[in-house]
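See structure below.
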Amino acid sequence: GVPPPAGRACETRIFRYLCKKSVRMHISSAVFTVSSQKLSQCPTDGLPEFALIGRSNVGKSSLINMLTDRPGLAKVSSTPGKTRLINHFKINAKWYLVDLPGYGFAQVSGSAKEHWQKLLSDYLIHRQQLTGLVLVMDARHPFQPLDVQLLEWFAVTGKPVHCLLTKADKLNRSESTNALKQVDTILKSYVDEEGNPFPFTAQLFSSTKRIGIKEATDTILQLAGRNEPPDTPDLPE
């Protein structure tokens, strides 16, 4: 038979196959583990990590509570931008869902911004356990400058990124379609030296109207567990 493609082309093929395949996966347990001010304080057990990141006002904490179906698991701050810690939540005792500090909030001081940049860049680029990233953006204003900066930081790792376009209920059908197309076009512009696309995807999401919850949960579960044997499926011919 024909040998499977090597390198990132193979990685992308596996990623797309996992996203399309219906897999029976669910969150049976979710426990807060630790808040860290620096990388050295993060868990050292080597379990895979899948992180959520976005601007300070996109509602990551509410998203974590909804995805895990555990209200109150992640504390929702009344002051966006206040939390500057890396928060680890152990899922199914097998991997971590990681809430990264929000960014782009006007009231954050210059020193706090410098701390955020170092903490985030260290984590995104050097955290070996990190298997992928959810980039949370407002569907009405996707890919603000800091979003682009973050994606370019992370692109060099070659790891999957799933863009969650929140507040999709604020857009009509035409606007939603156009927003998703715009994001898809930007994501497809990222290719490696051989011209292969990076494993980046996007979807619409609304916690208010419960749009895209199952798709988001399934995608995160599949990507977070992609390094856990023996759950890796055989690729189709």
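Just remember, in the structure tokens the first chain shown is A, the second B, etc., residues are 1-based per chain, and ligands are 1-based in the order shown.
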For A:Leu39: contacts at 10 Å, only C-alpha atoms, fewer than 5 positions along chain excluded, given as a PDB file with all heavy atoms, in the first residue's frame:
```pdb
ATOM      1  N   ILE A  86      -2.371  31.388  35.313  1.00  0.00           N
ATOM      2  CA  ILE A  86      -2.672  30.211  34.508  1.00  0.00           C
ATOM      3  C   ILE A  86      -3.438  29.238  35.393  1.00  0.00           C
ATOM      4  O   ILE A  86      -2.924  28.798  36.428  1.00  0.00           O
ATOM      5  CB  ILE A  86      -1.382  29.547  33.983  1.00  0.00           C
ATOM      6  CG1 ILE A  86      -0.627  30.500  33.064  1.00  0.00           C
ATOM      7  CG2 ILE A  86      -1.704  28.247  33.252  1.00  0.00           C
ATOM      8  CD1 ILE A  86       0.708  29.951  32.582  1.00  0.00           C
ATOM      9  N   LYS A 118       5.289  37.794  28.660  1.00  0.00           N
ATOM     10  CA  LYS A 118       6.312  36.795  28.992  1.00  0.00           C
ATOM     11  C   LYS A 118       5.669  35.478  29.408  1.00  0.00           C
ATOM     12  O   LYS A 118       6.073  34.404  28.961  1.00  0.00           O
ATOM     13  CB  LYS A 118       7.214  37.303  30.116  1.00  0.00           C
ATOM     14  CG  LYS A 118       8.251  36.263  30.551  1.00  0.00           C
ATOM     15  CD  LYS A 118       9.289  36.841  31.470  1.00  0.00           C
ATOM     16  CE  LYS A 118      10.242  35.784  32.014  1.00  0.00           C
ATOM     17  NZ  LYS A 118      10.622  34.752  31.075  1.00  0.00           N
ATOM     18  N   LEU A 119       4.635  35.556  30.260  1.00  0.00           N
ATOM     19  CA  LEU A 119       3.958  34.348  30.735  1.00  0.00           C
ATOM     20  C   LEU A 119       3.337  33.585  29.575  1.00  0.00           C
ATOM     21  O   LEU A 119       3.490  32.360  29.457  1.00  0.00           O
ATOM     22  CB  LEU A 119       2.887  34.736  31.760  1.00  0.00           C
ATOM     23  CG  LEU A 119       2.145  33.580  32.447  1.00  0.00           C
ATOM     24  CD1 LEU A 119       3.107  32.766  33.289  1.00  0.00           C
ATOM     25  CD2 LEU A 119       1.013  34.136  33.322  1.00  0.00           C
ATOM     26  N   LEU A 120       2.653  34.299  28.707  1.00  0.00           N
ATOM     27  CA  LEU A 120       1.964  33.653  27.594  1.00  0.00           C
ATOM     28  C   LEU A 120       2.935  33.091  26.570  1.00  0.00           C
ATOM     29  O   LEU A 120       2.754  31.973  26.078  1.00  0.00           O
ATOM     30  CB  LEU A 120       0.995  34.634  26.926  1.00  0.00           C
ATOM     31  CG  LEU A 120      -0.441  34.617  27.442  1.00  0.00           C
ATOM     32  CD1 LEU A 120      -1.107  33.305  27.129  1.00  0.00           C
ATOM     33  CD2 LEU A 120      -0.509  34.885  28.934  1.00  0.00           C
ATOM     34  N   ASP A 122       6.053  32.193  27.041  1.00  0.00           N
ATOM     35  CA  ASP A 122       6.737  31.040  27.640  1.00  0.00           C
ATOM     36  C   ASP A 122       5.844  29.807  27.596  1.00  0.00           C
ATOM     37  O   ASP A 122       6.284  28.711  27.227  1.00  0.00           O
ATOM     38  CB  ASP A 122       7.129  31.341  29.098  1.00  0.00           C
ATOM     39  CG  ASP A 122       8.331  32.261  29.205  1.00  0.00           C
ATOM     40  OD1 ASP A 122       8.983  32.495  28.165  1.00  0.00           O
ATOM     41  OD2 ASP A 122       8.608  32.738  30.317  1.00  0.00           O
ATOM     42  N   TYR A 123       4.593  29.990  27.981  1.00  0.00           N
ATOM     43  CA  TYR A 123       3.677  28.844  28.025  1.00  0.00           C
ATOM     44  C   TYR A 123       3.385  28.306  26.625  1.00  0.00           C
ATOM     45  O   TYR A 123       3.485  27.101  26.369  1.00  0.00           O
ATOM     46  CB  TYR A 123       2.366  29.234  28.715  1.00  0.00           C
ATOM     47  CG  TYR A 123       1.387  28.072  28.794  1.00  0.00           C
ATOM     48  CD1 TYR A 123       1.460  27.149  29.829  1.00  0.00           C
ATOM     49  CD2 TYR A 123       0.417  27.895  27.805  1.00  0.00           C
ATOM     50  CE1 TYR A 123       0.594  26.073  29.884  1.00  0.00           C
ATOM     51  CE2 TYR A 123      -0.450  26.824  27.853  1.00  0.00           C
ATOM     52  CZ  TYR A 123      -0.364  25.913  28.894  1.00  0.00           C
ATOM     53  OH  TYR A 123      -1.212  24.846  28.933  1.00  0.00           O
ATOM     54  N   HIS A 126       6.922  27.010  24.940  1.00  0.00           N
ATOM     55  CA  HIS A 126       7.821  26.069  25.617  1.00  0.00           C
ATOM     56  C   HIS A 126       7.111  24.963  26.404  1.00  0.00           C
ATOM     57  O   HIS A 126       7.775  24.026  26.837  1.00  0.00           O
ATOM     58  CB  HIS A 126       8.753  26.827  26.563  1.00  0.00           C
ATOM     59  CG  HIS A 126       9.593  27.855  25.878  1.00  0.00           C
ATOM     60  ND1 HIS A 126      10.502  27.531  24.888  1.00  0.00           N
ATOM     61  CD2 HIS A 126       9.654  29.203  26.019  1.00  0.00           C
ATOM     62  CE1 HIS A 126      11.095  28.634  24.465  1.00  0.00           C
ATOM     63  NE2 HIS A 126      10.602  29.662  25.127  1.00  0.00           N
ATOM     64  N   ARG A 127       5.801  25.055  26.584  1.00  0.00           N
ATOM     65  CA  ARG A 127       5.099  24.041  27.372  1.00  0.00           C
ATOM     66  C   ARG A 127       4.940  22.767  26.551  1.00  0.00           C
ATOM     67  O   ARG A 127       4.115  22.685  25.642  1.00  0.00           O
ATOM     68  CB  ARG A 127       3.736  24.571  27.804  1.00  0.00           C
ATOM     69  CG  ARG A 127       2.982  23.661  28.781  1.00  0.00           C
ATOM     70  CD  ARG A 127       3.643  23.597  30.120  1.00  0.00           C
ATOM     71  NE  ARG A 127       2.802  22.902  31.104  1.00  0.00           N
ATOM     72  CZ  ARG A 127       3.220  22.500  32.290  1.00  0.00           C
ATOM     73  NH1 ARG A 127       4.471  22.736  32.662  1.00  0.00           N
ATOM     74  NH2 ARG A 127       2.404  21.889  33.121  1.00  0.00           N
TER      75      ARG A 127
END
```
With only C-alpha atoms as the counted atoms, please give the residues lying no more than 9 Å from A:Gln203, apart from itself and same-chain residues fewer than 6 positions off, as a compact mmCIF listing (two decimals) with C-alpha atoms, in the first residue's frame.
```txt
# COMPACT_ATOMS: atom_id res chain seq x y z
CA HIS A 162 -9.56 25.81 17.17
CA CYS A 163 -11.05 29.31 16.91
CA LEU A 164 -14.29 29.80 18.81
CA LEU A 165 -16.30 32.76 17.52
CA THR A 166 -18.48 33.72 20.45
CA LEU A 180 -16.81 32.38 9.56
CA GLY A 212 -22.09 25.16 18.79
CA GLU A 215 -19.19 20.85 18.31
CA ALA A 216 -16.86 22.79 20.61
```
Could you produce a table of the residues of stretch 131-226 of chain A lying within 9 Å of stretch 25-32 of chain A, with the nearest pair of atoms per residue and their separation in Å rounded to one decimal, using only C-alpha atoms, ordered by chain and increasing residue number, as a Markdown table?
```
| residue | atom | partner | partner_atom | distance |
| --- | --- | --- | --- | --- |
| A:Thr217 | CA | A:His26 | CA | 8.1 |
| A:Asp218 | CA | A:Met25 | CA | 7.1 |
| A:Leu221 | CA | A:Met25 | CA | 6.8 |
| A:Gln222 | CA | A:Met25 | CA | 7.7 |
```
So that I have them on file, write out the residues from the current selection with N, CA, C and O atoms, as a PDB file, in the first residue's frame.
```
ATOM      1  N   THR A 217     -17.270  21.142  22.341  1.00  0.00           N
ATOM      2  CA  THR A 217     -16.883  20.125  23.320  1.00  0.00           C
ATOM      3  C   THR A 217     -16.255  18.921  22.642  1.00  0.00           C
ATOM      4  O   THR A 217     -15.208  18.417  23.074  1.00  0.00           O
ATOM      5  N   ASP A 218     -16.884  18.437  21.572  1.00  0.00           N
ATOM      6  CA  ASP A 218     -16.352  17.268  20.859  1.00  0.00           C
ATOM      7  C   ASP A 218     -14.954  17.540  20.314  1.00  0.00           C
ATOM      8  O   ASP A 218     -14.055  16.702  20.412  1.00  0.00           O
ATOM      9  N   LEU A 221     -12.372  17.723  23.190  1.00  0.00           N
ATOM     10  CA  LEU A 221     -12.143  16.389  23.753  1.00  0.00           C
ATOM     11  C   LEU A 221     -11.297  15.534  22.822  1.00  0.00           C
ATOM     12  O   LEU A 221     -10.383  14.824  23.245  1.00  0.00           O
ATOM     13  N   GLN A 222     -11.600  15.598  21.529  1.00  0.00           N
ATOM     14  CA  GLN A 222     -10.866  14.789  20.556  1.00  0.00           C
ATOM     15  C   GLN A 222      -9.418  15.238  20.446  1.00  0.00           C
ATOM     16  O   GLN A 222      -8.492  14.421  20.403  1.00  0.00           O
TER      17      GLN A 222
END
```
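Interatomic distance, atom CA of A:Trp95 against atom CA of A:Trp116: 24.0 Å.
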Q: Extract, using only C-alpha atoms, all DNA, RNA and protein residues at most 7 Å from A:Ile53, discarding same-chain residues fewer than 4 positions from it, and format them as a list in words.
A: Asp99, Leu100, Pro101, Gly102, Val134, Leu135 and Val136 of chain A
Q. If you count only C-alpha atoms, which residues fall within 6 Å of A:Ala168, apart from same-chain ones fewer than 5 positions away, as JSON, numbers by chain?
A. {"A": [139, 204, 205, 206]}
Write to file, as a tab-separated table (two decimals), in the first residue's frame, the residues of the selection just made, with N, CA and C atoms.
```tsv
chain	number	residue	atom	x	y	z
A	139	ALA	N	-17.28	37.06	17.56
A	139	ALA	CA	-17.59	36.84	16.15
A	139	ALA	C	-17.78	38.15	15.39
A	204	LEU	N	-18.69	28.81	14.89
A	204	LEU	CA	-19.51	29.82	15.55
A	204	LEU	C	-19.98	29.27	16.90
A	205	PHE	N	-20.18	30.18	17.87
A	205	PHE	CA	-20.55	29.74	19.21
A	205	PHE	C	-21.38	30.82	19.90
A	206	SER	N	-22.38	30.38	20.66
A	206	SER	CA	-23.15	31.31	21.48
A	206	SER	C	-23.62	30.59	22.73
```
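The two atoms in question, atom CA of A:Arg140 and atom CA of A:Ser176, are spaced 8.5 Å apart.
Nearest-residue note for A:Glu152: choosing from A:Leu63, A:Leu47, A:Val191, A:Leu97, the minimum distance belongs to A:Val191, counting only C-alpha atoms.
Nearest residue to A:Arg210, choosing from A:Asp69, A:Asp169, A:Glu193, A:Glu114 and counting only C-alpha atoms: A:Asp169.
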